>>> print(open('start.txt').read())   # compact mmCIF, C-alpha atoms
# COMPACT_ATOMS: atom_id res chain seq x y z
CA MET W 1 18.93 54.52 -36.90
CA LYS W 2 18.79 50.93 -38.14
CA LYS W 3 22.16 50.27 -36.57
CA ILE W 4 20.81 51.31 -33.15
CA LEU W 5 17.48 49.43 -33.26
CA LEU W 6 18.83 46.07 -34.35
CA PRO W 7 20.99 45.49 -31.24
CA VAL W 8 18.08 46.52 -28.97
CA ILE W 9 15.67 44.11 -30.65
CA ALA W 10 18.23 41.35 -30.46
CA ALA W 11 18.90 41.98 -26.80
CA SER W 12 15.19 41.90 -26.00
CA ALA W 13 14.75 38.60 -27.79
CA LEU W 14 17.72 37.16 -25.95
CA LEU W 15 16.32 38.31 -22.57
CA ILE W 16 12.91 36.71 -23.22
CA THR W 17 14.55 33.50 -24.34
CA ALA W 18 16.75 33.37 -21.25
CA CYS W 19 13.95 34.06 -18.72
CA GLY W 20 11.32 31.86 -20.32
CA GLU W 21 7.61 32.64 -20.38
CA VAL W 22 6.54 35.66 -18.36
CA THR W 23 3.59 34.88 -16.03
CA VAL W 24 1.32 37.63 -14.62
CA THR W 25 -0.27 36.85 -11.23
CA ASP W 26 -4.05 36.71 -11.39
CA LEU W 27 -5.10 39.60 -9.12
CA THR W 28 -8.73 38.50 -9.24
CA GLU W 29 -7.98 35.50 -7.00
CA ASP W 30 -10.36 35.32 -4.01
CA ILE W 31 -8.88 36.73 -0.82
CA THR W 32 -10.56 35.68 2.44
CA PRO W 33 -10.54 38.58 4.91
CA THR W 34 -9.94 37.99 8.58
CA ASP W 35 -13.29 37.71 10.43
CA VAL W 36 -13.99 40.69 12.67
CA VAL W 37 -14.97 39.53 16.16
CA VAL W 38 -17.22 41.93 18.07
CA GLU W 39 -16.92 41.30 21.78
CA PRO W 40 -20.14 41.71 23.82
CA VAL W 41 -20.22 44.60 26.27
CA VAL W 42 -20.62 43.12 29.76
CA ALA W 43 -21.16 45.32 32.82
CA THR W 44 -21.97 44.72 36.47
CA TYR W 45 -24.12 47.06 38.55
CA THR W 46 -24.58 47.19 42.31
CA VAL W 47 -28.16 47.67 43.48
CA ASP W 48 -28.82 50.96 45.26
CA ALA W 49 -31.11 49.70 48.02
CA ALA W 50 -32.03 53.17 49.27
CA ALA W 51 -33.17 54.28 45.81
CA SER W 52 -35.05 51.05 44.99
CA THR W 53 -38.58 50.05 45.98
CA LEU W 54 -40.71 46.94 45.71
CA GLU W 55 -44.45 47.50 46.08
CA TRP W 56 -47.02 44.76 46.64
CA ASN W 57 -50.78 44.57 46.28
CA GLY W 58 -52.79 41.72 47.74
CA TYR W 59 -56.32 41.86 46.34
CA ASP W 60 -59.52 39.91 45.99
CA ALA W 61 -59.83 38.94 42.32
CA ALA W 62 -63.61 39.22 42.56
CA ALA W 63 -63.47 42.80 43.91
CA PRO W 64 -59.98 44.25 43.29
CA ASP W 65 -61.06 47.86 43.95
CA ASN W 66 -63.09 47.13 47.08
CA HIS W 67 -60.97 44.55 48.86
CA TYR W 68 -57.21 45.03 48.64
CA HIS W 69 -54.13 45.79 50.71
CA LYS W 70 -51.05 47.60 49.41
CA GLY W 71 -47.63 48.09 50.87
CA THR W 72 -43.90 48.01 50.36
CA VAL W 73 -41.07 45.66 51.20
CA GLY W 74 -37.40 46.51 51.58
CA ILE W 75 -34.64 45.90 49.05
CA ALA W 76 -31.54 44.75 50.96
CA ASP W 77 -28.82 44.48 48.30
CA GLY W 78 -27.94 42.80 45.03
CA SER W 79 -26.03 42.99 41.78
CA ILE W 80 -27.11 42.96 38.14
CA THR W 81 -25.09 41.92 35.10
CA THR W 82 -25.92 43.25 31.64
CA THR W 83 -24.72 42.10 28.24
CA ASP W 84 -25.12 44.67 25.49
CA ALA W 85 -27.46 46.67 27.76
CA MET W 86 -29.77 43.70 28.47
CA ILE W 87 -30.00 42.08 31.91
CA THR W 88 -28.57 38.57 31.65
CA ALA W 89 -27.75 37.63 35.24
CA GLY W 90 -27.98 38.84 38.79
CA SER W 91 -29.82 38.55 42.05
CA VAL W 92 -31.62 40.85 44.45
CA ASN W 93 -32.11 40.19 48.15
CA ILE W 94 -35.37 41.33 49.73
CA ASP W 95 -35.70 42.33 53.38
CA MET W 96 -39.09 40.93 54.37
CA THR W 97 -38.79 42.40 57.87
CA ALA W 98 -38.96 45.86 56.29
CA LEU W 99 -42.61 45.25 55.44
CA GLY W 100 -44.81 48.31 55.18
CA TYR W 101 -48.54 48.91 54.74
CA THR W 102 -49.64 51.96 52.72
CA GLU W 103 -53.35 51.71 51.91
CA GLY W 104 -56.26 49.36 51.44
CA ALA W 105 -59.99 48.76 51.47
CA GLY W 106 -62.26 46.23 53.11
CA LYS W 107 -65.85 45.52 54.02
CA ASP W 108 -65.98 48.76 56.05
CA GLY W 109 -64.62 50.91 53.23
CA PRO W 110 -61.22 52.52 52.55
CA ILE W 111 -58.44 52.05 55.07
CA THR W 112 -56.39 55.19 55.64
CA SER W 113 -53.32 56.01 57.67
CA ALA W 114 -55.49 58.19 59.92
CA ASP W 115 -56.66 55.01 61.63
CA SER W 116 -53.33 53.96 63.09
CA ALA W 117 -54.87 51.06 65.04
CA VAL W 118 -56.23 49.45 61.87
CA PHE W 119 -52.94 50.05 60.11
CA SER W 120 -50.98 48.48 62.93
CA GLY W 121 -53.36 45.55 63.16
CA LEU W 122 -53.22 44.83 59.43
CA LEU W 123 -49.44 45.04 59.32
CA GLY W 124 -49.21 42.65 62.25
CA HIS W 125 -51.59 40.22 60.54
CA ILE W 126 -49.68 40.35 57.24
CA SER W 127 -46.43 39.66 59.10
CA THR W 128 -47.74 36.48 60.76
CA ASN W 129 -47.31 32.93 59.54
CA GLU W 130 -50.77 33.15 57.98
CA ILE W 131 -49.28 35.29 55.22
CA PHE W 132 -45.61 36.40 54.92
CA ASN W 133 -44.30 35.07 58.26
CA THR W 134 -41.60 37.70 58.40
CA MET W 135 -40.64 36.85 61.99
CA GLU W 136 -39.44 33.37 61.04
CA ILE W 137 -38.35 33.93 57.41
CA GLY W 138 -36.99 37.45 57.18
CA THR W 139 -35.48 37.36 53.70
CA ALA W 140 -36.49 36.56 50.15
CA SER W 141 -34.51 36.69 46.92
CA PHE W 142 -34.97 37.03 43.19
CA THR W 143 -32.47 35.38 40.83
CA VAL W 144 -32.40 36.14 37.10
CA THR W 145 -32.58 33.08 34.84
CA SER W 146 -33.20 34.62 31.39
CA CYS W 147 -34.11 37.82 29.59
CA ASP W 148 -35.73 38.80 26.31
CA GLU W 149 -37.65 41.71 24.76
CA ALA W 150 -40.69 41.03 26.94
CA GLY W 151 -38.83 41.24 30.24
CA ILE W 152 -36.85 39.29 32.80
CA THR W 153 -37.64 35.78 33.97
CA GLY W 154 -36.34 34.65 37.31
CA THR W 155 -36.87 32.62 40.44
CA LEU W 156 -38.39 34.25 43.51
CA ASN W 157 -37.48 32.39 46.68
CA VAL W 158 -40.04 33.34 49.32
CA MET W 159 -41.14 31.48 52.43
CA GLY W 160 -38.68 28.74 51.54
CA SER W 161 -40.31 28.03 48.14
CA ASP W 162 -39.15 28.81 44.59
CA VAL W 163 -41.65 30.57 42.34
CA GLU W 164 -41.06 31.51 38.70
CA VAL W 165 -41.73 35.20 38.08
CA MET W 166 -41.83 37.24 34.88
CA VAL W 167 -40.81 40.87 35.44
CA PRO W 168 -41.81 43.02 32.44
CA GLY W 169 -39.72 45.83 31.04
CA ALA W 170 -36.16 46.55 29.93
CA PRO W 171 -33.45 48.46 31.79
CA ALA W 172 -32.60 52.06 30.92
CA MET W 173 -28.96 53.13 30.94
CA ASP W 174 -27.71 56.62 31.78
CA GLY W 175 -23.96 56.78 32.14
CA ASP W 176 -22.97 54.48 35.00
CA ALA W 177 -26.55 54.18 36.28
CA MET W 178 -29.17 51.62 35.38
CA THR W 179 -32.88 51.83 36.21
CA LEU W 180 -35.73 49.37 35.76
CA THR W 181 -39.28 50.57 36.33
CA THR W 182 -42.21 48.20 35.81
CA ASP W 183 -45.97 48.30 35.79
CA TRP W 184 -47.87 46.02 38.16
CA PHE W 185 -47.20 42.36 37.37
CA GLU W 186 -48.78 39.20 38.76
CA VAL W 187 -46.88 36.89 41.12
CA ASN W 188 -48.41 33.48 41.78
CA ILE W 189 -47.00 32.56 45.18
CA ALA W 190 -49.87 30.31 46.23
CA SER W 191 -47.45 27.40 46.56
CA ALA W 192 -45.43 29.40 49.09
CA VAL W 193 -48.19 31.42 50.77
CA PRO W 194 -51.54 29.58 50.83
CA PHE W 195 -53.32 32.86 51.61
CA PHE W 196 -52.87 33.84 47.95
CA THR W 197 -54.98 31.07 46.48
CA VAL W 198 -55.71 30.77 42.77
CA PRO W 199 -58.78 28.52 42.48
CA GLU W 200 -59.43 26.27 39.51
CA GLY W 201 -62.00 27.24 36.91
CA ASP W 202 -63.00 30.58 35.48
CA GLU W 203 -64.36 32.18 38.64
CA PRO W 204 -62.33 35.31 39.52
CA ALA W 205 -62.22 34.40 43.21
CA GLY W 206 -59.40 34.18 45.71
CA MET W 207 -56.66 36.53 46.84
CA ARG W 208 -54.00 37.40 44.30
CA LEU W 209 -50.67 39.20 44.56
CA SER W 210 -49.15 41.72 42.20
CA MET W 211 -45.93 43.68 42.50
CA LYS W 212 -44.30 46.78 41.07
CA LEU W 213 -40.53 47.21 40.94
CA ASN W 214 -38.48 50.40 40.80
CA LEU W 215 -34.82 49.34 40.72
CA THR W 216 -31.76 51.57 40.62
CA ALA W 217 -28.20 50.22 40.31
CA ASN W 218 -24.79 51.75 39.65
CA LYS W 219 -21.43 50.55 38.32
>>> encode(input="start.txt", output="structure tokens")
Amino acid sequence: MKKILLPVIAASALLITACGEVTVTDLTEDITPTDVVVEPVVATYTVDAAASTLEWNGYDAAAPDNHYHKGTVGIADGSITTTDAMITAGSVNIDMTALGYTEGAGKDGPITSADSAVFSGLLGHISTNEIFNTMEIGTASFTVTSCDEAGITGTLNVMGSDVEVMVPGAPAMDGDAMTLTTDWFEVNIASAVPFFTVPEGDEPAGMRLSMKLNLTANK
């Protein structure tokens, strides 16, 4: 047995001497992983004009339940861009010539569709240059400028003037469809339409305008 072991020990010593010191790589060395880049999900939707509505309510701030006029205005077309399911860009064109009157109230009480003459007269008055002037300026537009949890901020171009508008709410996605339904929100267009004045001070006087949007768009 001794005769066998001695050559093996000698050979091992010779091998270590020939190769020098054996170094073991430190496997605890920091390894920097490649950063994972998550691309945002961007989608573009085309506005479904037939399925979308824009309602308006012009009311006396001092008596909003007793003096008001409500109606609709047409959505012409538009496109909306979302990033990670939030609206980040887009524009909607509004057909002001498709102006409708639905209900109201005045000094003589409620105004109903049964009185077609009053309805026709009010719609004609609202369409004149005293208010919306739809005969001369038949279109308006809304362009998105920013978006956050509270809603969408954008520029409403109406009667040739730009007005900043805050549209509350967030879009809801269902497959390739997107919907945005809001409560009534205030629109200060006094700079564009003097009829909707907002007087200084704390007195709740003057005519105000609010709107309600039901928007449907599809990929």
>>> closest_residue(input="start.txt", among="W:Ile80, W:Leu54, W:Met86, W:Ala105", to="Met211 of chain W", atoms="all atoms listed in the file")
W:Leu54
>>> closest_residue(input="start.txt", among="W:Val158, W:Ile75, W:Val37, W:Val42", to="Ser191 of chain W", atoms="only C-alpha atoms")
W:Val158
>>> closest_residue(input="start.txt", among="W:Asp60, W:Asp176, W:Glu186, W:Asp95", to="Phe132 of chain W", atoms="only C-alpha atoms")
W:Asp95
>>> closest_residue(input="start.txt", among="W:Asn57, W:Ser127, W:Asn157, W:Thr72", to="Thr139 of chain W", atoms="all atoms listed in the file")
W:Asn157
>>> atom_distance(input="start.txt", atom1="atom CA of Phe196 of chain W", atom2="atom CA of Phe119 of chain W")
20.3 Å
>>> closest_residue(input="start.txt", among="W:Ser120, W:Thr53, W:Ser91, W:Asn214", to="Pro171 of chain W", atoms="only C-alpha atoms")
W:Asn214
>>> closest_residue(input="start.txt", among="W:Ala76, W:Met207, W:Val38, W:Val118", to="Leu99 of chain W", atoms="only C-alpha atoms")
W:Ala76
>>> residues_around(input="start.txt", residues="Thr181 of chain W", least_positions_apart="2", cutoff="9 Å", atoms="all atoms listed in the file", output="list in words")
Pro168, Gly169, Ala170, Pro171, Ala172, Thr179, Asp183, Lys212, Leu213, Asn214, Leu215 and Thr216 of chain W
>>> atom_distance(input="start.txt", atom1="atom CA of Leu122 of chain W", atom2="atom CA of Ala62 of chain W")
20.6 Å
>>> atom_distance(input="start.txt", atom1="atom CA of Asp65 of chain W", atom2="atom CA of Gly124 of chain W")
22.4 Å
>>> residues_around(input="start.txt", residues="Ala140 of chain W", least_positions_apart="6", cutoff="12 Å", atoms="all atoms listed in the file", output="list of chain:residue names")
W:Val73, W:Gly74, W:Ile75, W:Ala76, W:Asp77, W:Gly78, W:Ser91, W:Val92, W:Asn93, W:Ile94, W:Asp95, W:Met96, W:Thr97, W:Ala98, W:Leu99, W:Phe132, W:Asn133, W:Thr134, W:Thr155, W:Leu156, W:Asn157, W:Val158, W:Met159, W:Gly160, W:Ser161, W:Asp162, W:Val163, W:Ala192
>>> write_last_selection(input="start.txt", atoms="C-alpha atoms", output="PDB file, keeping the file's coordinate frame")
ATOM      1  CA  VAL W  73     -41.070  45.660  51.200  1.00  0.00           C
ATOM      2  CA  GLY W  74     -37.400  46.510  51.580  1.00  0.00           C
ATOM      3  CA  ILE W  75     -34.640  45.900  49.050  1.00  0.00           C
ATOM      4  CA  ALA W  76     -31.540  44.750  50.960  1.00  0.00           C
ATOM      5  CA  ASP W  77     -28.820  44.480  48.300  1.00  0.00           C
ATOM      6  CA  GLY W  78     -27.940  42.800  45.030  1.00  0.00           C
ATOM      7  CA  SER W  91     -29.820  38.550  42.050  1.00  0.00           C
ATOM      8  CA  VAL W  92     -31.620  40.850  44.450  1.00  0.00           C
ATOM      9  CA  ASN W  93     -32.110  40.190  48.150  1.00  0.00           C
ATOM     10  CA  ILE W  94     -35.370  41.330  49.730  1.00  0.00           C
ATOM     11  CA  ASP W  95     -35.700  42.330  53.380  1.00  0.00           C
ATOM     12  CA  MET W  96     -39.090  40.930  54.370  1.00  0.00           C
ATOM     13  CA  THR W  97     -38.790  42.400  57.870  1.00  0.00           C
ATOM     14  CA  ALA W  98     -38.960  45.860  56.290  1.00  0.00           C
ATOM     15  CA  LEU W  99     -42.610  45.250  55.440  1.00  0.00           C
ATOM     16  CA  PHE W 132     -45.610  36.400  54.920  1.00  0.00           C
ATOM     17  CA  ASN W 133     -44.300  35.070  58.260  1.00  0.00           C
ATOM     18  CA  THR W 134     -41.600  37.700  58.400  1.00  0.00           C
ATOM     19  CA  THR W 155     -36.870  32.620  40.440  1.00  0.00           C
ATOM     20  CA  LEU W 156     -38.390  34.250  43.510  1.00  0.00           C
ATOM     21  CA  ASN W 157     -37.480  32.390  46.680  1.00  0.00           C
ATOM     22  CA  VAL W 158     -40.040  33.340  49.320  1.00  0.00           C
ATOM     23  CA  MET W 159     -41.140  31.480  52.430  1.00  0.00           C
ATOM     24  CA  GLY W 160     -38.680  28.740  51.540  1.00  0.00           C
ATOM     25  CA  SER W 161     -40.310  28.030  48.140  1.00  0.00           C
ATOM     26  CA  ASP W 162     -39.150  28.810  44.590  1.00  0.00           C
ATOM     27  CA  VAL W 163     -41.650  30.570  42.340  1.00  0.00           C
ATOM     28  CA  ALA W 192     -45.430  29.400  49.090  1.00  0.00           C
TER      29      ALA W 192
END
>>> residues_near_point(input="start.txt", point="(-34.0, 39.4, 35.4)", cutoff="8 Å", atoms="all atoms listed in the file", output="MDAnalysis selection string")
chainID W and resid 87:91 143:147 151:154 167
>>> residues_around(input="start.txt", residues="Gly109 of chain W", least_positions_apart="3", cutoff="12 Å", atoms="only C-alpha atoms", output="MDAnalysis selection string")
chainID W and resid 65:69 103:106 112
>>> write_last_selection(input="start.txt", atoms="C-alpha atoms", output="tab-separated table (two decimals), in the coordinates of the input")
chain	number	residue	atom	x	y	z
W	65	ASP	CA	-61.06	47.86	43.95
W	66	ASN	CA	-63.09	47.13	47.08
W	67	HIS	CA	-60.97	44.55	48.86
W	68	TYR	CA	-57.21	45.03	48.64
W	69	HIS	CA	-54.13	45.79	50.71
W	103	GLU	CA	-53.35	51.71	51.91
W	104	GLY	CA	-56.26	49.36	51.44
W	105	ALA	CA	-59.99	48.76	51.47
W	106	GLY	CA	-62.26	46.23	53.11
W	112	THR	CA	-56.39	55.19	55.64
>>> residues_around(input="start.txt", residues="segment 128-131 of chain W", least_positions_apart="6", cutoff="8 Å", atoms="all atoms listed in the file", output="list in words")
Val193, Pro194 and Phe195 of chain W
